[in-house]
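Take a look at the structure set out below.
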Amino acid sequence: MKRVFKARSTNVLYNAPFVPDKSIAKPNTKIEEFTMNSNKRAQEREIYEMHKTERELEEEEARRQLEKEREEEEKVGIRNLRKQLVHKSNPIRKYRSVEIKQSERELTDPRSPEWQSKKRRKLRV
């Protein structure tokens, strides 16, 4: 099935144009003072930057104080270590006297080593 075009009548051409109703009295627009958001944001940013610099100065001061304390502790530690490393003599210990006991074994018979034995000669040849 083929569609068939059907045009509507052109009533718009013959009717009067639309005119808005001006009977409702709308007051004129009042011009009021306004503030730009960028100005407000700039002030807030300035306050933030001021607080940030104060906080950074406090942190830097605290860091310096910690560094100073650490160096002082290190100096005290080195001083104590040097005191401990100083040699201190100990008194001579007293032990029981040593008793020398004679051995019950017989003395060893001295023999000269056999550097050229018959067994070695046989191995070399």
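Each chain in the structure tokens gets a letter, A, B and so on, in the order shown; residues start at 1 in every chain, and ligands are counted from 1 in the order they appear.
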Enumerate the residues of stretch 65-117 of chain A with a DSSP assignment of helix (DSSP H, G or I), computed from the backbone, and present them as a tab-separated table (two decimals) with N, CA and C atoms, in the first residue's frame.
```tsv
chain	number	residue	atom	x	y	z
A	65	GLN	N	62.59	22.64	65.73
A	65	GLN	CA	62.67	22.27	67.15
A	65	GLN	C	63.00	20.78	67.29
A	66	LEU	N	62.34	19.94	66.50
A	66	LEU	CA	62.62	18.49	66.55
A	66	LEU	C	64.05	18.20	66.15
A	67	GLU	N	64.53	18.89	65.12
A	67	GLU	CA	65.91	18.69	64.67
A	67	GLU	C	66.89	19.09	65.76
A	68	LYS	N	66.59	20.20	66.43
A	68	LYS	CA	67.46	20.67	67.51
A	68	LYS	C	67.49	19.66	68.65
A	69	GLU	N	66.30	19.15	69.03
A	69	GLU	CA	66.23	18.14	70.10
A	69	GLU	C	66.97	16.87	69.71
A	70	ARG	N	66.83	16.46	68.45
A	70	ARG	CA	67.51	15.24	68.00
A	70	ARG	C	69.02	15.42	68.06
A	71	GLU	N	69.51	16.58	67.63
A	71	GLU	CA	70.95	16.84	67.69
A	71	GLU	C	71.44	16.84	69.13
A	72	GLU	N	70.64	17.42	70.04
A	72	GLU	CA	71.02	17.45	71.46
A	72	GLU	C	71.08	16.03	72.02
A	73	GLU	N	70.08	15.20	71.68
A	73	GLU	CA	70.08	13.80	72.13
A	73	GLU	C	71.29	13.06	71.58
A	74	GLU	N	71.63	13.34	70.33
A	74	GLU	CA	72.78	12.68	69.71
A	74	GLU	C	74.07	13.08	70.43
A	75	LYS	N	74.21	14.37	70.78
A	75	LYS	CA	75.39	14.82	71.51
A	75	LYS	C	75.49	14.13	72.86
A	76	VAL	N	74.37	14.03	73.58
A	76	VAL	CA	74.36	13.36	74.89
A	76	VAL	C	74.71	11.89	74.72
A	77	GLY	N	74.16	11.25	73.68
A	77	GLY	CA	74.46	9.84	73.42
A	77	GLY	C	75.94	9.63	73.14
A	78	ILE	N	76.54	10.50	72.34
A	78	ILE	CA	77.97	10.38	72.02
A	78	ILE	C	78.79	10.59	73.28
A	79	ARG	N	78.40	11.56	74.11
A	79	ARG	CA	79.11	11.82	75.36
A	79	ARG	C	79.08	10.58	76.27
A	80	ASN	N	77.90	9.96	76.40
A	80	ASN	CA	77.77	8.76	77.23
A	80	ASN	C	78.58	7.60	76.64
A	81	LEU	N	78.55	7.46	75.32
A	81	LEU	CA	79.29	6.38	74.67
A	81	LEU	C	80.78	6.55	74.91
A	82	ARG	N	81.28	7.77	74.83
A	82	ARG	CA	82.71	8.01	75.08
A	82	ARG	C	83.07	7.69	76.52
A	83	LYS	N	82.17	8.02	77.45
A	83	LYS	CA	82.42	7.68	78.86
A	83	LYS	C	82.51	6.17	79.03
A	84	GLN	N	81.64	5.45	78.35
A	84	GLN	CA	81.63	3.99	78.49
A	84	GLN	C	82.85	3.36	77.82
A	85	LEU	N	83.37	3.98	76.77
A	85	LEU	CA	84.49	3.39	76.04
A	85	LEU	C	85.83	3.61	76.74
```
Requested in this report: Measure the distance from atom CA of A:Tyr48 to atom CA of A:Glu32 in Å and round it to one decimal.
Outcome: 29.5 Å
Query raised in the report: Please, what distance in Å, to one decimal, runs between atom CA of A:Glu61 and atom CA of A:Gln43?
Result: 27.4 Å
